[in-house]
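Dropping protein-v4.csv in here (CSV, C-alpha atoms):
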```csv
chain,number,residue,atom,x,y,z
A,1,MET,CA,-9.7,16.5,10.4
A,2,ILE,CA,-10.9,13.7,8.2
A,3,HIS,CA,-13.5,11.0,9.0
A,4,GLN,CA,-11.9,8.3,11.2
A,5,ALA,CA,-12.8,5.4,8.9
A,6,LEU,CA,-10.3,3.0,10.5
A,7,ALA,CA,-11.5,3.5,14.1
A,8,LEU,CA,-8.0,4.6,15.1
A,9,PRO,CA,-7.9,6.8,18.2
A,10,ARG,CA,-7.8,10.5,17.4
A,11,PRO,CA,-4.5,11.3,19.2
A,12,ILE,CA,-2.7,8.5,17.3
A,13,LEU,CA,-4.1,8.7,13.8
A,14,THR,CA,-2.1,10.5,11.3
A,15,GLY,CA,-3.9,9.5,8.2
A,16,GLY,CA,-7.1,7.9,7.0
A,17,PHE,CA,-9.9,8.1,4.5
A,18,GLY,CA,-13.5,9.0,4.1
A,19,SER,CA,-15.4,12.3,4.0
A,20,ASN,CA,-13.1,15.3,4.4
A,21,GLY,CA,-14.5,18.4,6.0
A,22,GLY,CA,-11.2,20.2,5.4
A,23,GLY,CA,-11.1,20.0,1.6
A,24,VAL,CA,-9.0,17.9,-0.7
A,25,PHE,CA,-5.8,18.3,-2.6
A,26,LEU,CA,-6.0,19.8,-6.1
A,27,HIS,CA,-4.3,16.8,-7.5
A,28,GLN,CA,-6.8,14.2,-6.3
A,29,CYS,CA,-6.6,12.3,-9.6
A,30,ARG,CA,-7.9,8.8,-8.8
A,31,ARG,CA,-11.6,8.1,-8.8
A,32,LYS,CA,-13.3,5.5,-6.7
A,33,ASN,CA,-13.8,2.3,-8.7
A,34,PRO,CA,-17.4,1.0,-8.2
A,35,ARG,CA,-16.7,-2.5,-9.4
A,36,VAL,CA,-17.3,-5.1,-6.6
A,37,ALA,CA,-16.4,-8.6,-7.5
A,38,PHE,CA,-18.5,-10.6,-5.1
A,39,CYS,CA,-18.7,-13.6,-7.4
A,40,ALA,CA,-18.2,-16.4,-4.9
A,41,SER,CA,-18.2,-17.1,-1.2
A,42,ASP,CA,-15.1,-16.7,0.9
A,43,ASP,CA,-15.1,-20.5,1.5
A,44,GLN,CA,-15.2,-21.2,-2.2
A,45,ILE,CA,-12.4,-18.8,-3.1
A,46,ALA,CA,-10.2,-19.9,-0.2
A,47,SER,CA,-10.6,-23.6,-1.1
A,48,SER,CA,-9.2,-22.9,-4.6
A,49,LYS,CA,-6.0,-21.4,-3.3
A,50,SER,CA,-2.7,-23.2,-2.5
A,51,ASN,CA,-1.4,-23.5,1.0
A,52,LYS,CA,2.1,-23.1,-0.2
A,53,THR,CA,3.7,-19.7,0.2
A,54,ARG,CA,6.8,-17.9,-1.1
A,55,LYS,CA,8.8,-15.1,0.5
A,56,VAL,CA,8.9,-11.7,-1.3
A,57,VAL,CA,10.3,-8.3,-0.5
A,58,GLU,CA,8.0,-5.2,-0.8
A,59,HIS,CA,8.7,-1.5,-1.0
A,60,VAL,CA,6.3,1.3,-0.2
A,61,CYS,CA,7.1,4.9,-1.0
A,62,LEU,CA,4.8,7.8,0.0
A,63,LEU,CA,5.2,11.1,-1.7
A,64,LYS,CA,4.3,14.7,-0.7
A,65,ALA,CA,3.6,16.6,-3.9
A,66,LYS,CA,3.9,20.3,-3.9
A,67,GLU,CA,0.7,22.4,-4.1
A,68,GLY,CA,-0.4,23.4,-7.6
A,69,LEU,CA,1.0,20.4,-9.3
A,70,SER,CA,-0.4,20.3,-12.9
A,71,GLU,CA,-2.3,17.3,-14.2
A,72,GLU,CA,0.3,17.0,-17.0
A,73,VAL,CA,3.2,16.9,-14.6
A,74,GLU,CA,1.4,14.6,-12.3
A,75,LYS,CA,0.6,12.1,-15.1
A,76,ASP,CA,4.2,12.3,-16.3
A,77,MET,CA,5.5,11.5,-12.8
A,78,LEU,CA,3.2,8.5,-12.3
A,79,ASP,CA,3.9,7.2,-15.7
A,80,TYR,CA,7.6,7.3,-15.2
A,81,LEU,CA,7.3,5.6,-11.8
A,82,TYR,CA,5.1,2.9,-13.2
A,83,THR,CA,7.1,2.1,-16.3
A,84,THR,CA,10.4,1.7,-14.3
A,85,GLN,CA,9.3,-2.0,-14.2
A,86,TYR,CA,10.1,-2.3,-17.9
A,87,GLN,CA,13.5,-0.7,-17.6
A,88,MET,CA,14.9,-2.6,-14.6
A,89,ARG,CA,15.2,-6.2,-13.6
A,90,GLY,CA,13.9,-7.5,-10.3
A,91,ILE,CA,10.5,-5.7,-10.1
A,92,VAL,CA,7.8,-8.4,-10.2
A,93,ALA,CA,4.8,-6.2,-9.4
A,94,ILE,CA,4.0,-2.5,-9.1
A,95,SER,CA,1.1,-0.1,-8.4
A,96,VAL,CA,1.1,3.7,-8.2
A,97,GLY,CA,-1.6,6.3,-7.7
A,98,CYS,CA,-2.9,9.4,-6.2
A,99,ILE,CA,-4.0,9.0,-2.5
A,100,GLY,CA,-7.8,9.2,-2.2
A,101,ASP,CA,-8.2,11.5,0.7
A,102,ARG,CA,-6.3,14.3,2.5
A,103,ASN,CA,-4.3,13.2,5.6
A,104,ILE,CA,-2.5,15.4,8.1
A,105,GLU,CA,0.9,14.0,7.0
A,106,ASP,CA,0.1,15.5,3.6
A,107,TYR,CA,1.0,12.4,1.6
A,108,THR,CA,-0.4,12.8,-1.9
A,109,HIS,CA,0.9,9.8,-3.9
A,110,ALA,CA,1.9,6.2,-3.2
A,111,LEU,CA,4.1,3.7,-4.9
A,112,PHE,CA,4.1,0.0,-4.2
A,113,MET,CA,6.8,-2.4,-5.6
A,114,ARG,CA,7.5,-6.1,-5.1
A,115,PHE,CA,10.8,-7.8,-5.5
A,116,GLN,CA,11.8,-11.5,-5.2
A,117,ARG,CA,14.9,-10.9,-3.0
A,118,LYS,CA,16.5,-8.3,-0.8
A,119,GLU,CA,19.4,-8.2,-3.2
A,120,ASP,CA,17.0,-7.0,-6.0
A,121,LEU,CA,15.7,-4.2,-3.8
A,122,GLY,CA,19.3,-3.1,-3.0
A,123,LYS,CA,20.1,-2.9,-6.7
A,124,PHE,CA,16.9,-1.0,-7.3
A,125,TYR,CA,17.9,1.8,-4.8
A,126,GLU,CA,21.2,2.1,-6.7
A,127,ASN,CA,19.9,1.8,-10.2
A,128,THR,CA,20.9,4.8,-12.3
A,129,PHE,CA,17.7,4.8,-14.4
A,130,PHE,CA,15.5,5.0,-11.3
A,131,LEU,CA,17.7,7.7,-9.7
A,132,LYS,CA,17.3,9.7,-12.9
A,133,VAL,CA,13.5,9.3,-12.8
A,134,LEU,CA,13.5,10.5,-9.1
A,135,ASN,CA,15.8,13.4,-9.9
A,136,GLU,CA,14.1,14.6,-13.0
A,137,HIS,CA,10.4,13.6,-12.6
A,138,VAL,CA,9.7,13.2,-8.9
A,139,THR,CA,11.8,15.1,-6.4
A,140,PRO,CA,11.5,18.5,-8.2
A,141,PHE,CA,7.7,18.3,-7.7
A,142,CYS,CA,7.7,16.9,-4.2
A,143,HIS,CA,8.8,18.2,-0.8
A,144,GLY,CA,9.2,14.9,1.0
A,145,LEU,CA,8.9,11.1,0.7
A,146,THR,CA,8.9,8.1,3.1
A,147,ASN,CA,10.2,4.7,2.3
A,148,VAL,CA,9.3,1.4,4.0
A,149,ASP,CA,10.7,-2.0,3.1
A,150,TYR,CA,9.5,-5.4,4.5
A,151,GLU,CA,9.6,-9.1,3.8
A,152,SER,CA,6.3,-10.9,3.5
A,153,GLU,CA,4.8,-14.1,2.1
A,154,VAL,CA,2.4,-14.7,-0.8
A,155,GLU,CA,0.7,-17.7,-2.3
A,156,ASP,CA,3.3,-19.7,-4.3
A,157,ASP,CA,1.5,-19.2,-7.6
A,158,ILE,CA,2.8,-17.2,-10.5
A,159,LEU,CA,-0.4,-15.0,-10.8
A,160,ALA,CA,-0.2,-14.2,-7.0
A,161,ILE,CA,3.5,-13.5,-7.0
A,162,PHE,CA,3.4,-11.2,-10.1
A,163,ARG,CA,0.0,-9.8,-9.4
A,164,LYS,CA,-1.2,-10.8,-12.8
A,165,GLY,CA,-4.7,-11.7,-14.1
A,166,GLU,CA,-8.0,-9.9,-14.4
A,167,GLU,CA,-8.6,-9.5,-10.6
A,168,TYR,CA,-5.4,-7.5,-10.3
A,169,ASN,CA,-6.3,-5.1,-13.1
A,170,TYR,CA,-8.6,-3.0,-10.9
A,171,GLY,CA,-9.5,-2.4,-7.3
A,172,GLU,CA,-8.3,-0.3,-4.4
A,173,GLU,CA,-4.8,-0.4,-2.9
A,174,PHE,CA,-4.8,0.1,0.9
A,175,VAL,CA,-1.6,1.0,2.7
A,176,LEU,CA,-1.3,0.8,6.5
A,177,LEU,CA,1.9,2.0,8.2
A,178,ILE,CA,2.3,1.5,11.9
A,179,THR,CA,4.7,2.6,14.6
A,180,PHE,CA,4.6,0.3,17.6
A,181,ALA,CA,5.5,1.8,20.9
A,182,LYS,CA,8.9,1.0,22.4
A,183,ASN,CA,7.3,-0.6,25.4
A,184,ALA,CA,5.2,-2.9,23.3
A,185,SER,CA,6.5,-6.5,23.7
A,186,ASP,CA,7.4,-8.8,20.8
A,187,LYS,CA,4.3,-10.8,21.7
A,188,ASN,CA,2.1,-7.6,21.5
A,189,THR,CA,3.5,-6.8,18.1
A,190,LYS,CA,3.2,-10.4,16.8
A,191,ASP,CA,-0.3,-10.8,18.1
A,192,ALA,CA,-1.5,-7.5,16.5
A,193,MET,CA,0.0,-8.3,13.1
A,194,ASP,CA,-1.2,-11.9,13.2
A,195,SER,CA,-4.7,-10.8,13.9
A,196,PHE,CA,-4.6,-8.4,11.0
A,197,ALA,CA,-3.3,-11.2,8.7
A,198,GLN,CA,-5.9,-13.6,9.9
A,199,LEU,CA,-8.8,-11.2,9.3
A,200,THR,CA,-7.7,-10.1,5.8
A,201,SER,CA,-6.9,-13.7,4.7
A,202,SER,CA,-10.4,-14.8,5.8
A,203,LEU,CA,-12.2,-12.6,3.4
A,204,PRO,CA,-11.2,-13.4,-0.2
A,205,SER,CA,-14.5,-12.1,-1.6
A,206,LEU,CA,-13.4,-8.6,-0.5
A,207,ILE,CA,-9.6,-9.0,-0.7
A,208,VAL,CA,-7.5,-10.2,-3.6
A,209,GLN,CA,-4.2,-10.2,-1.6
A,210,SER,CA,-2.8,-9.0,1.7
A,211,THR,CA,0.9,-8.7,2.7
A,212,GLN,CA,2.6,-7.3,5.8
A,213,GLY,CA,5.9,-7.3,7.6
A,214,SER,CA,8.4,-5.3,9.7
A,215,ASN,CA,10.3,-2.4,8.2
A,216,PHE,CA,14.0,-3.2,7.6
A,217,ASN,CA,14.9,0.1,5.9
A,218,ASP,CA,17.8,1.4,8.0
A,219,SER,CA,17.5,4.9,6.5
A,220,SER,CA,13.8,5.3,7.2
A,221,LYS,CA,12.7,4.2,10.6
A,222,GLU,CA,9.7,6.3,11.2
A,223,PHE,CA,7.4,3.3,10.9
A,224,THR,CA,8.1,-0.2,12.3
A,225,HIS,CA,5.6,-2.2,10.3
A,226,ALA,CA,3.6,-2.0,7.1
A,227,ALA,CA,0.7,-3.8,5.4
A,228,VAL,CA,-0.6,-3.6,1.8
A,229,VAL,CA,-4.1,-4.9,1.0
A,230,ARG,CA,-5.5,-5.1,-2.6
A,231,PHE,CA,-9.2,-4.8,-2.2
A,232,ARG,CA,-11.5,-5.8,-5.1
A,233,SER,CA,-13.1,-2.3,-5.0
A,234,PHE,CA,-13.5,0.8,-2.9
A,235,ASP,CA,-16.8,-0.6,-1.6
A,236,ALA,CA,-15.1,-3.8,-0.5
A,237,MET,CA,-12.5,-1.8,1.4
A,238,GLU,CA,-15.3,0.2,3.2
A,239,ILE,CA,-17.1,-3.0,4.1
A,240,LEU,CA,-14.1,-4.3,6.0
A,241,VAL,CA,-12.8,-1.2,7.7
A,242,GLU,CA,-16.3,-0.1,8.7
A,243,GLY,CA,-17.2,-3.5,10.1
A,244,ARG,CA,-17.3,-4.4,13.8
A,245,GLU,CA,-14.8,-7.2,13.5
A,246,TYR,CA,-12.1,-4.9,12.1
A,247,LYS,CA,-12.8,-2.2,14.7
A,248,ASP,CA,-12.8,-4.6,17.6
A,249,MET,CA,-9.5,-6.0,16.4
A,250,TRP,CA,-8.0,-2.6,16.1
A,251,ARG,CA,-9.1,-1.5,19.6
A,252,SER,CA,-7.9,-4.6,21.3
A,253,GLN,CA,-4.8,-5.6,19.4
A,254,PHE,CA,-3.3,-2.3,18.1
A,255,GLU,CA,-4.6,0.7,20.0
A,256,PRO,CA,-2.9,-0.1,23.3
A,257,PHE,CA,0.5,-0.7,21.7
A,258,ILE,CA,1.1,1.8,19.0
A,259,GLU,CA,2.4,5.3,18.8
A,260,LYS,CA,0.8,6.2,15.5
A,261,ALA,CA,-0.6,4.8,12.2
A,262,VAL,CA,-1.1,6.1,8.7
A,263,ALA,CA,-3.8,4.6,6.6
A,264,LEU,CA,-4.0,5.5,2.9
A,265,HIS,CA,-5.6,4.2,-0.2
A,266,PHE,CA,-5.6,4.7,-4.0
A,267,SER,CA,-7.6,3.4,-6.9
A,268,VAL,CA,-5.8,1.0,-9.3
A,269,ASP,CA,-6.4,2.5,-12.7
A,270,PRO,CA,-4.4,1.8,-15.9
A,271,VAL,CA,-1.3,4.1,-16.0
A,272,GLY,CA,2.0,3.9,-17.8
A,273,THR,CA,0.8,2.3,-21.0
A,274,ASP,CA,3.8,3.6,-22.8
A,275,VAL,CA,7.4,3.1,-21.8
A,276,MET,CA,8.8,6.4,-20.8
```
Using the file provided, produce a representation of the structure as structure tokens.
Amino acid sequence: MIHQALALPRPILTGGFGSNGGGVFLHQCRRKNPRVAFCASDDQIASSKSNKTRKVVEHVCLLKAKEGLSEEVEKDMLDYLYTTQYQMRGIVAISVGCIGDRNIEDYTHALFMRFQRKEDLGKFYENTFFLKVLNEHVTPFCHGLTNVDYESEVEDDILAIFRKGEEYNYGEEFVLLITFAKNASDKNTKDAMDSFAQLTSSLPSLIVQSTQGSNFNDSSKEFTHAAVVRFRSFDAMEILVEGREYKDMWRSQFEPFIEKAVALHFSVDPVGTDVM
């Protein structure tokens, strides 16, 4: 069992990160990025951002790669997934990587995509090029995948929408998938997600961007909600999730109302430099 870095209760947690007494996957390909961009205070960074927001649609796919996956095949799979943005319209941002620590769900790789509209996401699922990538370069080497789709809001700025600029070129991508219990009220759910949003938006010296929403993927209902946080570094991620404020929020707002949660992360390294 891995270190419970998110302060989630042991009976509920199905994933996480930290030291792993049970060993790691052979294909742990992403290193921790030591860069920490603490160049300004939270107040200084927050004051420079616009209050206007724009709705976006986000897609998270978690993969379970087969044991013994070679480095060459793994790199090929990640490159093909990453470069789909150059072959299809509608994808405005993407990140992909090898999950940093073992989890009992056995997820090994994660893919994040952003679209402007639900219609663009629908076309993506039916795109023949992407289906070919899945059939030839992904599913033969994986024994399972989970999709989650949700609508969120980001700052109404071209760099924030498209995740462009120097601060998006590195860091740690953190993915949190949650299943709220059936007896949790709408208010319980809203209060929990609002508290998460308020905390992550209050720390721009640690976090570049945070999005979240309820899962509307009809074919994949294992999780009810998702959040994706781009931290400035692995160290920045640890500062937040190991902090008392985060742990207190989790215990009071989430723990009483959820059935399970999966927390994963991967380092954002340059991949897909050539169009496949």
Q. Which residue out of A:Phe216, A:Val208, A:Leu111, A:Met88 has the minimum interatomic distance to A:Tyr170 when only C-alpha atoms are used?
A.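 Between A:Phe216, A:Val208, A:Leu111, A:Met88, the residue approaching A:Tyr170 most closely is A:Val208.
Relative to atom CA of A:Glu173, atom CA of A:Thr224 is found at 19.9 Å.
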(Q) With distances taken over only C-alpha atoms, which residue among A:Glu167, A:Asp156, A:Glu259, A:Glu58 lies nearest A:Gln212? (A)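 So, comparing all the options, the nearest one is A:Glu58.
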Q. Of the candidates A:Asp248, A:Glu242, A:Glu172, A:Glu67, which one gets nearest to A:Gly100 if we count only C-alpha atoms?
A. A:Glu172
Q.
Considering all atoms listed in the file, can you say which of A:Ser214, A:Thr146, A:Ser152, A:Asn127 comes closest to A:Lys190?
A. A:Ser214
Q. Could you work out how far atom CA of A:Ala65 lies from atom CA of A:Val138, giving the answer in Å with one decimal?
A.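 Computed distance, atom CA of A:Val138 to atom CA of A:Ala65, equals 8.6 Å.
Atom CA of A:Leu121 sits 19.2 Å away from atom CA of A:Val175.
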